$ cat protein13.pdb   # PDB, C-alpha atoms
ATOM      1  CA  MET A   1      19.934  15.071   2.629
ATOM      2  CA  GLU A   2      17.312  12.375   2.395
ATOM      3  CA  ASP A   3      15.493  11.716  -0.871
ATOM      4  CA  ASN A   4      12.005  10.296  -0.523
ATOM      5  CA  LEU A   5      11.206   7.179  -2.493
ATOM      6  CA  PRO A   6       8.359   7.432  -5.006
ATOM      7  CA  ILE A   7       6.438   4.705  -3.166
ATOM      8  CA  SER A   8       6.160   4.774   0.608
ATOM      9  CA  ILE A   9       4.340   2.221   2.735
ATOM     10  CA  MET A  10       3.133   2.923   6.261
ATOM     11  CA  ALA A  11       1.131   0.930   8.782
ATOM     12  CA  SER A  12      -1.067   2.224  11.558
ATOM     13  CA  GLU A  13       0.374   2.445  15.057
ATOM     14  CA  THR A  14      -2.194  -0.136  16.154
ATOM     15  CA  LEU A  15      -0.938  -2.703  13.635
ATOM     16  CA  LEU A  16       2.712  -1.938  14.385
ATOM     17  CA  ALA A  17       2.031  -2.545  18.089
ATOM     18  CA  GLU A  18       0.199  -5.830  17.414
ATOM     19  CA  TYR A  19       2.746  -7.242  14.941
ATOM     20  CA  VAL A  20       6.305  -6.496  16.051
ATOM     21  CA  LYS A  21       7.799  -7.768  12.765
ATOM     22  CA  LEU A  22       5.517  -5.607  10.619
ATOM     23  CA  LYS A  23       7.824  -2.547  10.469
ATOM     24  CA  GLY A  24      10.702  -4.625   9.090
ATOM     25  CA  ILE A  25       8.397  -6.377   6.608
ATOM     26  CA  ILE A  26       7.068  -3.032   5.379
ATOM     27  CA  ASN A  27      10.565  -1.537   5.022
ATOM     28  CA  LYS A  28      11.705  -4.532   2.978
ATOM     29  CA  GLN A  29       8.558  -4.462   0.846
ATOM     30  CA  GLU A  30       8.890  -0.713   0.241
ATOM     31  CA  ALA A  31      12.467  -1.116  -1.023
ATOM     32  CA  HIS A  32      11.513  -4.096  -3.172
ATOM     33  CA  VAL A  33       8.484  -2.407  -4.774
ATOM     34  CA  ASN A  34      10.465   0.766  -5.516
ATOM     35  CA  PHE A  35      13.172  -1.337  -7.173
ATOM     36  CA  GLN A  36      10.636  -3.354  -9.189
ATOM     37  CA  THR A  37       8.830  -0.240 -10.399
ATOM     38  CA  LEU A  38      12.180   1.286 -11.385
ATOM     39  CA  ALA A  39      13.008  -1.879 -13.363
ATOM     40  CA  ALA A  40       9.534  -1.750 -14.961
ATOM     41  CA  GLY A  41      10.266   1.721 -16.328
ATOM     42  CA  TRP A  42       7.869   3.688 -14.144
ATOM     43  CA  TYR A  43      10.358   6.565 -13.714
ATOM     44  CA  GLU A  44      11.681   7.064 -17.245
ATOM     45  CA  ASP A  45       9.895  10.408 -17.620
ATOM     46  CA  GLU A  46      11.114  12.396 -14.605
ATOM     47  CA  ASN A  47       8.348  14.951 -15.101
ATOM     48  CA  ASN A  48       5.646  12.319 -14.677
ATOM     49  CA  VAL A  49       6.815  10.283 -11.699
ATOM     50  CA  LEU A  50       3.969   9.158  -9.448
ATOM     51  CA  THR A  51       4.213   9.596  -5.705
ATOM     52  CA  ILE A  52       2.343   6.789  -3.976
ATOM     53  CA  LYS A  53       1.630   6.726  -0.255
ATOM     54  CA  LEU A  54       0.190   3.380   0.799
ATOM     55  CA  TYR A  55      -1.393   3.182   4.245
ATOM     56  CA  ILE A  56      -2.145  -0.206   5.809
ATOM     57  CA  GLU A  57      -4.842   0.014   8.475
ATOM     58  CA  LYS A  58      -7.072  -2.173  10.604
ATOM     59  CA  HIS A  59     -10.540  -2.326   9.076
ATOM     60  CA  ASP A  60     -12.209  -0.036  11.636
ATOM     61  CA  GLU A  61      -9.426   2.571  11.231
ATOM     62  CA  TYR A  62      -9.698   2.246   7.446
ATOM     63  CA  LEU A  63     -13.437   2.968   7.510
ATOM     64  CA  GLN A  64     -12.863   6.137   9.534
ATOM     65  CA  LEU A  65     -10.018   7.343   7.303
ATOM     66  CA  VAL A  66     -11.757   6.819   3.973
ATOM     67  CA  SER A  67     -14.906   8.542   5.200
ATOM     68  CA  LEU A  68     -12.915  11.637   6.237
ATOM     69  CA  ASN A  69     -10.397  11.997   3.430
ATOM     70  CA  THR A  70     -10.767  14.219   0.412
ATOM     71  CA  LEU A  71      -7.291  13.772  -1.023
ATOM     72  CA  GLY A  72      -8.334  13.767  -4.679
ATOM     73  CA  ASN A  73     -10.428  11.714  -7.063
ATOM     74  CA  LYS A  74     -11.762   8.821  -4.961
ATOM     75  CA  ILE A  75     -11.708   5.349  -6.527
ATOM     76  CA  GLU A  76     -12.929   2.296  -4.634
ATOM     77  CA  VAL A  77     -10.813  -0.608  -5.879
ATOM     78  CA  ALA A  78     -12.320  -3.187  -3.512
ATOM     79  CA  ASP A  79     -14.172  -3.154  -0.222
ATOM     80  CA  ASP A  80     -10.783  -2.992   1.508
ATOM     81  CA  VAL A  81      -8.835  -0.723  -0.890
ATOM     82  CA  MET A  82      -9.475   2.962  -1.636
ATOM     83  CA  LEU A  83      -7.390   5.176  -3.931
ATOM     84  CA  TYR A  84      -7.279   8.950  -3.980
ATOM     85  CA  ILE A  85      -5.665  10.342  -7.118
ATOM     86  CA  ASN A  86      -4.609  13.981  -7.250
ATOM     87  CA  ASN A  87      -2.557  14.501 -10.432
ATOM     88  CA  LYS A  88       0.694  12.567  -9.808
ATOM     89  CA  ASP A  89       0.027  12.058  -6.087
ATOM     90  CA  ILE A  90      -1.783   8.877  -5.099
ATOM     91  CA  SER A  91      -2.879   8.038  -1.583
ATOM     92  CA  CYS A  92      -3.976   4.476  -1.081
ATOM     93  CA  PHE A  93      -5.677   3.072   1.993
ATOM     94  CA  VAL A  94      -5.620  -0.693   2.464
ATOM     95  CA  ALA A  95      -7.616  -2.414   5.182
ATOM     96  CA  ILE A  96      -6.729  -5.608   6.942
ATOM     97  CA  THR A  97     -10.152  -7.078   7.548
ATOM     98  CA  GLU A  98     -11.304  -8.752  10.747
ATOM     99  CA  SER A  99     -11.105 -12.212   9.142
ATOM    100  CA  GLU A 100      -7.563 -11.461   7.931
ATOM    101  CA  ILE A 101      -6.585 -10.300  11.452
ATOM    102  CA  LYS A 102      -7.903 -13.579  12.878
ATOM    103  CA  LEU A 103      -5.885 -15.553  10.333
ATOM    104  CA  LEU A 104      -2.714 -13.525  10.996
ATOM    105  CA  ASP A 105      -3.158 -13.961  14.753
ATOM    106  CA  LYS A 106      -3.566 -17.715  14.286
ATOM    107  CA  GLU A 107      -0.716 -18.063  11.743
ATOM    108  CA  PRO A 108       1.818 -15.244  12.406
ATOM    109  CA  LYS A 109       4.406 -16.790  10.077
ATOM    110  CA  ILE A 110       2.294 -15.834   7.026
ATOM    111  CA  LEU A 111       2.445 -12.087   7.805
ATOM    112  CA  SER A 112       5.350 -11.356   5.447
ATOM    113  CA  GLY A 113       3.858 -13.222   2.478
ATOM    114  CA  TYR A 114       0.442 -11.754   3.155
ATOM    115  CA  ILE A 115       1.715  -8.148   3.224
ATOM    116  CA  THR A 116       3.833  -8.752   0.112
ATOM    117  CA  MET A 117       0.872 -10.103  -1.852
ATOM    118  CA  LYS A 118      -1.537  -7.401  -0.709
ATOM    119  CA  VAL A 119       0.912  -4.566  -1.514
ATOM    120  CA  LYS A 120       1.740  -5.952  -4.966
ATOM    121  CA  LYS A 121      -1.935  -6.367  -5.853
ATOM    122  CA  VAL A 122      -2.593  -2.738  -4.906
ATOM    123  CA  ILE A 123       0.482  -1.479  -6.807
ATOM    124  CA  ASN A 124      -0.672  -3.444  -9.866
ATOM    125  CA  GLU A 125      -4.137  -1.874  -9.622
ATOM    126  CA  ILE A 126      -2.489   1.537  -9.662
ATOM    127  CA  ALA A 127      -0.263   0.487 -12.590
ATOM    128  CA  GLU A 128      -3.278  -0.579 -14.631
ATOM    129  CA  LYS A 129      -5.128   2.666 -13.885
ATOM    130  CA  GLN A 130      -2.049   4.725 -14.843
ATOM    131  CA  GLY A 131      -1.083   2.726 -17.951
ATOM    132  CA  LEU A 132       2.166   1.404 -16.426
ATOM    133  CA  LEU A 133       3.690  -2.070 -16.449
ATOM    134  CA  THR A 134       2.440  -4.318 -13.665
ATOM    135  CA  LEU A 135       4.772  -6.147 -11.294
ATOM    136  CA  PRO A 136       5.132  -9.925 -11.133
ATOM    137  CA  LEU A 137       3.237 -11.495  -8.258
TER     138      LEU A 137
END
$ encode --input "protein13.pdb" --output "structure tokens"
Amino acid sequence: MEDNLPISIMASETLLAEYVKLKGIINKQEAHVNFQTLAAGWYEDENNVLTIKLYIEKHDEYLQLVSLNTLGNKIEVADDVMLYINNKDISCFVAITESEIKLLDKEPKILSGYITMKVKKVINEIAEKQGLLTLPL
């Protein structure tokens, strides 16, 4: 039987097709963030564990998704990050902007560091909003 991790990270099919290493980067980042949040005490109260689904999208896909979704209380964190909070369930949409796509296309070796930084910033935004310890960047 498979237990789902409290934090899951997914990328759009478009991004996964464009960046062949992205799936592996996301899997590694998902494991790392779940471990760090465990170490930060996020799961001490088993009755109040957050479930976070983080979706990484191209900017045009992001705009379509955030205009359609009604997954809970909508909070715009930045022009490229939208949170939907529904009790202990959080859906987070993160856009990779056109300028970021151009940079990643020009410098593919920065993809891993870029995804790591973007994910941690979003997780820390959620931590602050939920009164939890933030993760080291």
$ closest_residue --input "protein13.pdb" --among "A:Glu18, A:Asp60, A:Glu98, A:Asp80" --to "Val122 in chain A" --atoms "all atoms listed in the file"
A:Asp80
$ residues_around --input "protein13.pdb" --residues "Leu15 in chain A" --least-positions-apart "4" --cutoff "8 Å" --atoms "only C-alpha atoms" --output "ChimeraX atom specification"
/A:11,19,22,57-58
$ resolve_selection --input "protein13.pdb" --expression "the PyMOL selection byres ((chain A and resi 56) around 8)" --output "JSON, numbers by chain"
{"A": [9, 10, 11, 12, 54, 55, 57, 58, 93, 94, 95, 96]}
$ resolve_selection --input "protein13.pdb" --expression "the PyMOL selection byres ((chain A and resi 30) around 10)" --output "list in words"
Leu5, Pro6, Ile7, Ser8, Ile9, Met10, Gly24, Ile25, Ile26, Asn27, Lys28, Gln29, Ala31, His32, Val33, Asn34, Phe35, Gln36, Leu54, Thr116 and Val119 of chain A
$ axis_aligned_box --input "protein13.pdb" --around "range 57-67 of chain A" --padding-each-side "6 Å" --output "AutoDock Vina command-line options"
--center_x -9.9 --center_y 3.1 --center_z 7.8 --size_x 22.1 --size_y 22.9 --size_z 19.7
$ decode --input "protein13.pdb" --residues "range 107-131 of chain A" --atoms "N, CA, C and O atoms" --output "PDB file, in the first residue's frame"
ATOM      1  N   GLU A 107      20.349  28.533 -20.355  1.00  0.00           N
ATOM      2  CA  GLU A 107      21.250  27.956 -19.344  1.00  0.00           C
ATOM      3  C   GLU A 107      20.594  26.735 -18.684  1.00  0.00           C
ATOM      4  O   GLU A 107      20.195  26.790 -17.526  1.00  0.00           O
ATOM      5  N   PRO A 108      20.477  25.610 -19.385  1.00  0.00           N
ATOM      6  CA  PRO A 108      19.764  24.444 -18.832  1.00  0.00           C
ATOM      7  C   PRO A 108      20.367  23.897 -17.539  1.00  0.00           C
ATOM      8  O   PRO A 108      19.655  23.280 -16.745  1.00  0.00           O
ATOM      9  N   LYS A 109      21.638  24.142 -17.294  1.00  0.00           N
ATOM     10  CA  LYS A 109      22.271  23.597 -16.091  1.00  0.00           C
ATOM     11  C   LYS A 109      21.758  24.235 -14.799  1.00  0.00           C
ATOM     12  O   LYS A 109      21.971  23.701 -13.720  1.00  0.00           O
ATOM     13  N   ILE A 110      21.046  25.375 -14.898  1.00  0.00           N
ATOM     14  CA  ILE A 110      20.527  26.018 -13.688  1.00  0.00           C
ATOM     15  C   ILE A 110      19.127  25.517 -13.304  1.00  0.00           C
ATOM     16  O   ILE A 110      18.582  25.937 -12.284  1.00  0.00           O
ATOM     17  N   LEU A 111      18.559  24.611 -14.091  1.00  0.00           N
ATOM     18  CA  LEU A 111      17.192  24.142 -13.850  1.00  0.00           C
ATOM     19  C   LEU A 111      17.008  23.595 -12.430  1.00  0.00           C
ATOM     20  O   LEU A 111      16.065  23.964 -11.740  1.00  0.00           O
ATOM     21  N   SER A 112      17.899  22.737 -11.986  1.00  0.00           N
ATOM     22  CA  SER A 112      17.769  22.124 -10.668  1.00  0.00           C
ATOM     23  C   SER A 112      17.785  23.179  -9.556  1.00  0.00           C
ATOM     24  O   SER A 112      16.913  23.188  -8.681  1.00  0.00           O
ATOM     25  N   GLY A 113      18.756  24.063  -9.577  1.00  0.00           N
ATOM     26  CA  GLY A 113      18.844  25.111  -8.560  1.00  0.00           C
ATOM     27  C   GLY A 113      17.663  26.061  -8.603  1.00  0.00           C
ATOM     28  O   GLY A 113      17.147  26.498  -7.568  1.00  0.00           O
ATOM     29  N   TYR A 114      17.211  26.350  -9.810  1.00  0.00           N
ATOM     30  CA  TYR A 114      16.066  27.237  -9.990  1.00  0.00           C
ATOM     31  C   TYR A 114      14.800  26.630  -9.383  1.00  0.00           C
ATOM     32  O   TYR A 114      14.083  27.282  -8.618  1.00  0.00           O
ATOM     33  N   ILE A 115      14.522  25.365  -9.700  1.00  0.00           N
ATOM     34  CA  ILE A 115      13.336  24.686  -9.173  1.00  0.00           C
ATOM     35  C   ILE A 115      13.428  24.583  -7.654  1.00  0.00           C
ATOM     36  O   ILE A 115      12.455  24.846  -6.936  1.00  0.00           O
ATOM     37  N   THR A 116      14.592  24.225  -7.140  1.00  0.00           N
ATOM     38  CA  THR A 116      14.795  24.121  -5.696  1.00  0.00           C
ATOM     39  C   THR A 116      14.467  25.434  -5.005  1.00  0.00           C
ATOM     40  O   THR A 116      13.723  25.458  -4.018  1.00  0.00           O
ATOM     41  N   MET A 117      14.997  26.532  -5.510  1.00  0.00           N
ATOM     42  CA  MET A 117      14.777  27.837  -4.894  1.00  0.00           C
ATOM     43  C   MET A 117      13.309  28.245  -4.972  1.00  0.00           C
ATOM     44  O   MET A 117      12.728  28.713  -3.996  1.00  0.00           O
ATOM     45  N   LYS A 118      12.698  28.048  -6.115  1.00  0.00           N
ATOM     46  CA  LYS A 118      11.304  28.455  -6.297  1.00  0.00           C
ATOM     47  C   LYS A 118      10.389  27.649  -5.368  1.00  0.00           C
ATOM     48  O   LYS A 118       9.508  28.206  -4.713  1.00  0.00           O
ATOM     49  N   VAL A 119      10.596  26.338  -5.278  1.00  0.00           N
ATOM     50  CA  VAL A 119       9.774  25.486  -4.419  1.00  0.00           C
ATOM     51  C   VAL A 119       9.940  25.888  -2.952  1.00  0.00           C
ATOM     52  O   VAL A 119       8.955  26.031  -2.217  1.00  0.00           O
ATOM     53  N   LYS A 120      11.175  26.092  -2.512  1.00  0.00           N
ATOM     54  CA  LYS A 120      11.398  26.448  -1.108  1.00  0.00           C
ATOM     55  C   LYS A 120      10.776  27.799  -0.756  1.00  0.00           C
ATOM     56  O   LYS A 120      10.224  27.967   0.329  1.00  0.00           O
ATOM     57  N   LYS A 121      10.845  28.757  -1.665  1.00  0.00           N
ATOM     58  CA  LYS A 121      10.225  30.055  -1.402  1.00  0.00           C
ATOM     59  C   LYS A 121       8.716  29.899  -1.227  1.00  0.00           C
ATOM     60  O   LYS A 121       8.121  30.505  -0.339  1.00  0.00           O
ATOM     61  N   VAL A 122       8.096  29.085  -2.066  1.00  0.00           N
ATOM     62  CA  VAL A 122       6.653  28.866  -1.975  1.00  0.00           C
ATOM     63  C   VAL A 122       6.310  28.128  -0.677  1.00  0.00           C
ATOM     64  O   VAL A 122       5.369  28.500   0.031  1.00  0.00           O
ATOM     65  N   ILE A 123       7.069  27.097  -0.339  1.00  0.00           N
ATOM     66  CA  ILE A 123       6.822  26.344   0.899  1.00  0.00           C
ATOM     67  C   ILE A 123       6.977  27.272   2.103  1.00  0.00           C
ATOM     68  O   ILE A 123       6.185  27.207   3.056  1.00  0.00           O
ATOM     69  N   ASN A 124       7.946  28.167   2.073  1.00  0.00           N
ATOM     70  CA  ASN A 124       8.130  29.109   3.177  1.00  0.00           C
ATOM     71  C   ASN A 124       6.989  30.117   3.268  1.00  0.00           C
ATOM     72  O   ASN A 124       6.609  30.538   4.359  1.00  0.00           O
ATOM     73  N   GLU A 125       6.430  30.508   2.141  1.00  0.00           N
ATOM     74  CA  GLU A 125       5.241  31.377   2.156  1.00  0.00           C
ATOM     75  C   GLU A 125       4.088  30.666   2.854  1.00  0.00           C
ATOM     76  O   GLU A 125       3.383  31.256   3.669  1.00  0.00           O
ATOM     77  N   ILE A 126       3.906  29.405   2.529  1.00  0.00           N
ATOM     78  CA  ILE A 126       2.848  28.618   3.158  1.00  0.00           C
ATOM     79  C   ILE A 126       3.126  28.484   4.652  1.00  0.00           C
ATOM     80  O   ILE A 126       2.223  28.642   5.485  1.00  0.00           O
ATOM     81  N   ALA A 127       4.378  28.207   5.019  1.00  0.00           N
ATOM     82  CA  ALA A 127       4.755  28.077   6.429  1.00  0.00           C
ATOM     83  C   ALA A 127       4.404  29.345   7.205  1.00  0.00           C
ATOM     84  O   ALA A 127       3.821  29.273   8.298  1.00  0.00           O
ATOM     85  N   GLU A 128       4.752  30.483   6.651  1.00  0.00           N
ATOM     86  CA  GLU A 128       4.457  31.750   7.328  1.00  0.00           C
ATOM     87  C   GLU A 128       2.962  31.951   7.498  1.00  0.00           C
ATOM     88  O   GLU A 128       2.495  32.375   8.561  1.00  0.00           O
ATOM     89  N   LYS A 129       2.183  31.631   6.475  1.00  0.00           N
ATOM     90  CA  LYS A 129       0.730  31.802   6.541  1.00  0.00           C
ATOM     91  C   LYS A 129       0.075  30.823   7.524  1.00  0.00           C
ATOM     92  O   LYS A 129      -0.983  31.096   8.065  1.00  0.00           O
ATOM     93  N   GLN A 130       0.732  29.674   7.754  1.00  0.00           N
ATOM     94  CA  GLN A 130       0.170  28.652   8.639  1.00  0.00           C
ATOM     95  C   GLN A 130       0.817  28.651  10.034  1.00  0.00           C
ATOM     96  O   GLN A 130       0.484  27.805  10.860  1.00  0.00           O
ATOM     97  N   GLY A 131       1.750  29.558  10.273  1.00  0.00           N
ATOM     98  CA  GLY A 131       2.406  29.628  11.577  1.00  0.00           C
ATOM     99  C   GLY A 131       3.360  28.476  11.841  1.00  0.00           C
ATOM    100  O   GLY A 131       3.535  28.044  12.984  1.00  0.00           O
TER     101      GLY A 131
END
